[in-house]
Amino acid sequence: MRMTWTSRLVVFCLLLCVLSPVSAADLAAQRAAFKRAWVAAQQGNLAALTPYLDELTDYPLYPYLRYAYLDSTLANQPPGAIEAFLNAQADLPVAERLQRDWLVQLAKQQDWQDFLAQYRDETDPPVRCGAVSAHLAGSDREDRSAWVVVAQHLWLAPQVQPATCDAAFQYLKTHHRITNGMVMQRIQGALQARDYALARTLVPQLAAVDRPWARIWLAMAEDPAHVLENMQVPDEPRYQTMLLNGVQLVARADPDRARHLWTVLAQRYHFGADDTRATQMMLALESARNLRPDAAQLLAQVRHFGDVRVAEWRVRTALRNLQWQTVLKTLPALGPAASKPEWRYWKARALAATGQDDRAVALYESLADGMDYYAFLAADRLNLTYNITQEASQPAPEVIAQLGLRPGFVRARELFYAGLYSYANAEWVAASTMLSRAARCQTALMAQQWGWSGRAMQTLANAGCWGDLSISYPLAYVGTLAPRAQQLGLDLPWVYGLIRSESVFRPDAVSAAGALGLMQLMPATGRRVAVRLGLTLDGQQPLLDPDTNLAVGSSYLGHLLQRFDGNELLATAAYNAGPDRVLAWLPQSGSLPADVWVDSIPFWETRNYVRNVFSAAVIFDWRLHHRTERLSARLGQITAPGASSATAPAAAATIPAPAAASAGASVPPALR
C-alpha cells in the first residue's frame, strides 16, 4: 500500500518512541547521512528526508531530524504533533527552541487560546509580545488594564518591535490608548537612536500642530552641519533637545565645526545649565577622540563633572603629546581605576621619563610577573625574561571516558562534527550543568580531544582549572594556517593571536555587527576578498566554514599588511577599525612610541583588541618556537605618513623560554 504524506509523518513521529540504543554502526557513514538528512529536514522536504530515517534511527542525533522537520513546517502542523515532540524530548535543548518558535507561530496565526495554554512567563521579545497580544484579545477583563500598560511600554520602545506585537498595538490604537504625547516620546527616542525610518513612519500619527517639529528634526539629521548653521526654531525644550542632538551628530566627525555651531546656538537659545555642561563635556571628549590639537585645553575646561571619561582622556591626550609631567599630575583623578595595570604602567613610564627611576623600577617589577600586555611591556623595560608559565593539565582517562558516554555529550560531539555549533553548545551547557568543578575540567580535555578548541578554552576558563596553555592557546587548524601564513608572509603567532582575539576559536562566532566565523569577517569584505581568490561565496554560510574563513581572512590580513608596509601593529588596528581610521590616527609628523600610540587609539574596542592580539602573539610564539620575540620589538615605532621608519626599542630581539626573573636586574637604557 502506498503511504500518503500524512501516513509518512505519523510513522516518522512514532519512530522516535522506539529508538534502540546507539549501535556500533559505521559512525562516519551515519554522520555523512545525517548532514544530508538535516538539509532535507530544514527544508521541510519529507520525500527527501524519508530515505534516511531507517539508516539513522539509532544515530544519536535522530531526534534533531524530527525537530528540524517540525520547526520548518510549523504552519502546517497540528498542535498534537508539536506537543508529542515536546513531551517526548523535554530534556533536549532544542525542545525549548521549538516551544519558542511554536508560540511565535501561534501568535502570527492569532490562535490566542492555544498560545496561552502553552505560554510560560518568558522574556524572549517575540513571545513576550505574543503574550501581551493574547491577553488583550482574550475575554478576561480583570487584568486588562495591567496588560494595556505593558503594551504601552512596548509601543514606546524606540525601535521596531516584533510582528507578534502588532495585535497588541492595534488594540491600543482601536481603543485610543496611544496619546499624542506618547507618539512624540517615541519619535524623539527613535530620532535620538538614529532610527530615522521608524520616526518617519510615526510622523503621520502626530497631531498636525506637532508634525513640523518632527519633520525639521528629520531634515536636520540628513545634513546637521549645514542645517544648524541657519536654524531658526522656537526656543522651546523639544527644539532645544533637537539642537543638542544635532551638535552631537556633527561632533562625531567634525568636533571643530560642532564647537562653532554650539557657540552660535548658545547665543540664540536659552539652554539649561545641565545641558550646557553636558554639551561642553561631549565636545571636549569628541575633540580628544578625534585627536584634535586643542583637546587638552578643552578637557581642562570641563568643570563640575565626576565623569571618569574626562580624567581618562586627559591622561591619554597627555600621553599622545608625550607630556609626562601632565600624565603624573592627571593620573590621580582616575580614582580607583588608577590601580589597574594599564595606569600603573603609564605611571611607571612617566616616572622614568621624569628621572624618577627607582620608583619606576618598583612599578615595573610589580607588573612584570604576569602574562599580559602590560606585564610583557614592563618586563621589556627592565630586560627581564617573560614569566610565561605552563601548568600541565591532569587528565583522568576513566572520567573522560565515562563523561563521553553521556547522551548529552554524545549529541554535543556529533553536532560539533556536523558543523551545527550553536546546537552543540546548547547540548554541552545542558550536559555540564550539574557537574562538579573537577568533572568540568575533564570535559575541557574531552573537548580538546575532539578538536573543539573554542569549547575547551571556554570550559577551562569558566571552571578555573589548570593554566594549561595548550588548551587556552591552542594551535588549532595548524594544517590549514601554517602553509597559508608562509605563503602570504604572515607571522603565524600573530595570526593565531588575531584569531583568538576575534572569535576565541569559535567557528560559529557571529558578532553584533554581523562579522562571521573564526576571523570575524564582514560578509561584504569576505565577498570582495573571495573574488580575488577565485571563490564564490553563496550567502553567509561559507564564511562559517573554518577552511573558507581562514583562507579569506588570512588573505585580507595579508592585504592589510601590505597596505601598511609590513607594520603588523597598524594592520591589526585596521583589521578591527578599518584602514581609513588607522590612517587618520597616525601622527602628523615625526613618530610616536608604539605603546603610546596604542593607548591613544580613540576606540576603546580597538585599543583592547590590539593589546589582546599582541599579548596572545607572544604566548603563541612561545608555544610554537619555545622562545619569543619581545613585545616591544613586535610593536616598534609609529611614524607619520611618508616619514622614515624608526628602529625598534632597545631591547633584545628574542628572549628564551620562561625562567624566573632576575630580581637584581640593572636598569637598561630602554627604561628612559
# chains A, B, ... in the order shown; residues from 1 in each chain; ligands from 1
>>> residues_around(residues="A:Lys35", least_positions_apart="5", cutoff="9 Å", atoms="only C-alpha atoms", output="PDB file with C-alpha atoms, in the first residue's frame")
ATOM      1  CA  GLN A  30      25.925   7.968   9.709  1.00  0.00           C
ATOM      2  CA  ALA A  40      16.078  17.937   3.854  1.00  0.00           C
ATOM      3  CA  ALA A 418      28.157  18.162  11.824  1.00  0.00           C
ATOM      4  CA  GLY A 419      29.031  21.863  11.991  1.00  0.00           C
TER       5      GLY A 419
END
>>> residues_around(residues="stretch 151-159 of chain A", least_positions_apart="6", cutoff="12 Å", atoms="only C-alpha atoms", output="count of residues only")
48
>>> residues_around(residues="stretch 403-410 of chain A", least_positions_apart="2", cutoff="6 Å", atoms="only C-alpha atoms", output="ChimeraX atom specification")
/A:400-401,412-413,427,431
>>> write_last_selection(atoms="all heavy atoms", output="mmCIF file, in the first residue's frame")
data_model
loop_
_atom_site.group_PDB
_atom_site.id
_atom_site.type_symbol
_atom_site.label_atom_id
_atom_site.label_comp_id
_atom_site.auth_asym_id
_atom_site.auth_seq_id
_atom_site.Cartn_x
_atom_site.Cartn_y
_atom_site.Cartn_z
ATOM 1 N N ILE A 400 37.036 10.873 31.756
ATOM 2 C CA ILE A 400 36.739 11.381 30.419
ATOM 3 C C ILE A 400 35.947 10.353 29.623
ATOM 4 O O ILE A 400 34.985 10.691 28.920
ATOM 5 C CB ILE A 400 38.044 11.751 29.688
ATOM 6 C CG1 ILE A 400 38.728 12.930 30.391
ATOM 7 C CG2 ILE A 400 37.779 12.078 28.227
ATOM 8 C CD1 ILE A 400 40.095 13.277 29.829
ATOM 9 N N ALA A 401 36.335 9.080 29.756
ATOM 10 C CA ALA A 401 35.623 8.020 29.031
ATOM 11 C C ALA A 401 34.167 7.930 29.478
ATOM 12 O O ALA A 401 33.254 7.797 28.653
ATOM 13 C CB ALA A 401 36.330 6.681 29.236
ATOM 14 N N ALA A 412 26.394 16.479 21.739
ATOM 15 C CA ALA A 412 27.220 17.668 21.539
ATOM 16 C C ALA A 412 28.364 17.373 20.579
ATOM 17 O O ALA A 412 28.670 18.170 19.679
ATOM 18 C CB ALA A 412 27.754 18.165 22.880
ATOM 19 N N ARG A 413 29.006 16.215 20.763
ATOM 20 C CA ARG A 413 30.114 15.834 19.882
ATOM 21 C C ARG A 413 29.650 15.688 18.438
ATOM 22 O O ARG A 413 30.275 16.215 17.511
ATOM 23 C CB ARG A 413 30.717 14.514 20.371
ATOM 24 C CG ARG A 413 31.904 14.015 19.547
ATOM 25 C CD ARG A 413 32.177 12.559 19.878
ATOM 26 N NE ARG A 413 31.099 11.683 19.419
ATOM 27 C CZ ARG A 413 30.744 10.536 19.994
ATOM 28 N NH1 ARG A 413 31.369 10.113 21.095
ATOM 29 N NH2 ARG A 413 29.760 9.803 19.492
ATOM 30 N N GLU A 427 23.775 21.781 23.852
ATOM 31 C CA GLU A 427 23.848 20.443 24.450
ATOM 32 C C GLU A 427 24.968 20.387 25.486
ATOM 33 O O GLU A 427 24.815 19.788 26.559
ATOM 34 C CB GLU A 427 24.091 19.393 23.358
ATOM 35 C CG GLU A 427 22.872 19.069 22.523
ATOM 36 C CD GLU A 427 21.899 18.119 23.227
ATOM 37 O OE1 GLU A 427 22.093 17.823 24.430
ATOM 38 O OE2 GLU A 427 20.932 17.678 22.576
ATOM 39 N N ALA A 431 24.513 19.499 29.418
ATOM 40 C CA ALA A 431 25.159 18.306 29.964
ATOM 41 C C ALA A 431 26.118 18.652 31.096
ATOM 42 O O ALA A 431 26.408 17.807 31.949
ATOM 43 C CB ALA A 431 25.903 17.560 28.853
#
>>> atom_distance(atom1="atom CA of A:Asp101", atom2="atom CA of A:Phe115")
11.3 Å
>>> closest_residue(among="A:Val104, A:Arg528, A:Asp114, A:Thr174", to="A:Glu83", atoms="only C-alpha atoms")
A:Asp114
>>> residues_around(residues="stretch 247-264 of chain A", least_positions_apart="4", cutoff="8 Å", atoms="only C-alpha atoms", output="ChimeraX atom specification")
/A:221,224-225,228-229,243,268,279,282-283,286-287,290
>>> atom_distance(atom1="atom CA of A:Asp71", atom2="atom CA of A:Leu98")
6.2 Å
>>> select_by_dssp(residues="stretch 291-453 of chain A", states="helix (DSSP H, G or I)", output="PyMOL selection string")
chain A and resi 295-301+308-320+324-339+341-353+357-367+373-382+397-404+407-417+421-432+437-450+453
>>> residues_around(residues="stretch 567-573 of chain A", least_positions_apart="6", cutoff="8 Å", atoms="only C-alpha atoms", output="list in words")
Leu498, Leu557, Leu560, Leu561, Pro579, Val582, Thr606, Tyr609, Val610, Val613, Arg634 and Leu635 of chain A
>>> closest_residue(among="A:Asn45, A:Ser501, A:Asn576, A:Gln486", to="A:Leu521", atoms="only C-alpha atoms")
A:Asn576
>>> residues_around(residues="A:Leu285", least_positions_apart="6", cutoff="9 Å", atoms="only C-alpha atoms", output="VMD selection string")
chain A and resid 295 298 to 299 309 to 310 313
>>> residues_around(residues="A:Val39", least_positions_apart="2", cutoff="10 Å", atoms="only C-alpha atoms", output="PDB file with C-alpha atoms, in the first residue's frame")
ATOM      1  CA  PHE A  34      22.811  12.951   8.866  1.00  0.00           C
ATOM      2  CA  LYS A  35      24.198  16.047   7.178  1.00  0.00           C
ATOM      3  CA  ARG A  36      22.176  15.281   4.048  1.00  0.00           C
ATOM      4  CA  ALA A  37      19.079  14.407   6.054  1.00  0.00           C
ATOM      5  CA  ALA A  41      14.513  18.279   7.299  1.00  0.00           C
ATOM      6  CA  GLN A  42      15.284  22.003   7.473  1.00  0.00           C
ATOM      7  CA  GLN A  43      13.662  22.438   4.068  1.00  0.00           C
ATOM      8  CA  GLY A  44      10.574  20.559   5.206  1.00  0.00           C
ATOM      9  CA  ASN A  45      11.148  18.093   2.373  1.00  0.00           C
ATOM     10  CA  ALA A  48      13.936  13.700   0.569  1.00  0.00           C
ATOM     11  CA  LEU A  49      14.119  13.030   4.296  1.00  0.00           C
ATOM     12  CA  LEU A  65      15.805  15.477  12.352  1.00  0.00           C
ATOM     13  CA  ALA A  68      14.172  20.377  12.216  1.00  0.00           C
ATOM     14  CA  TYR A  69      11.261  18.997  10.183  1.00  0.00           C
TER      15      TYR A  69
END
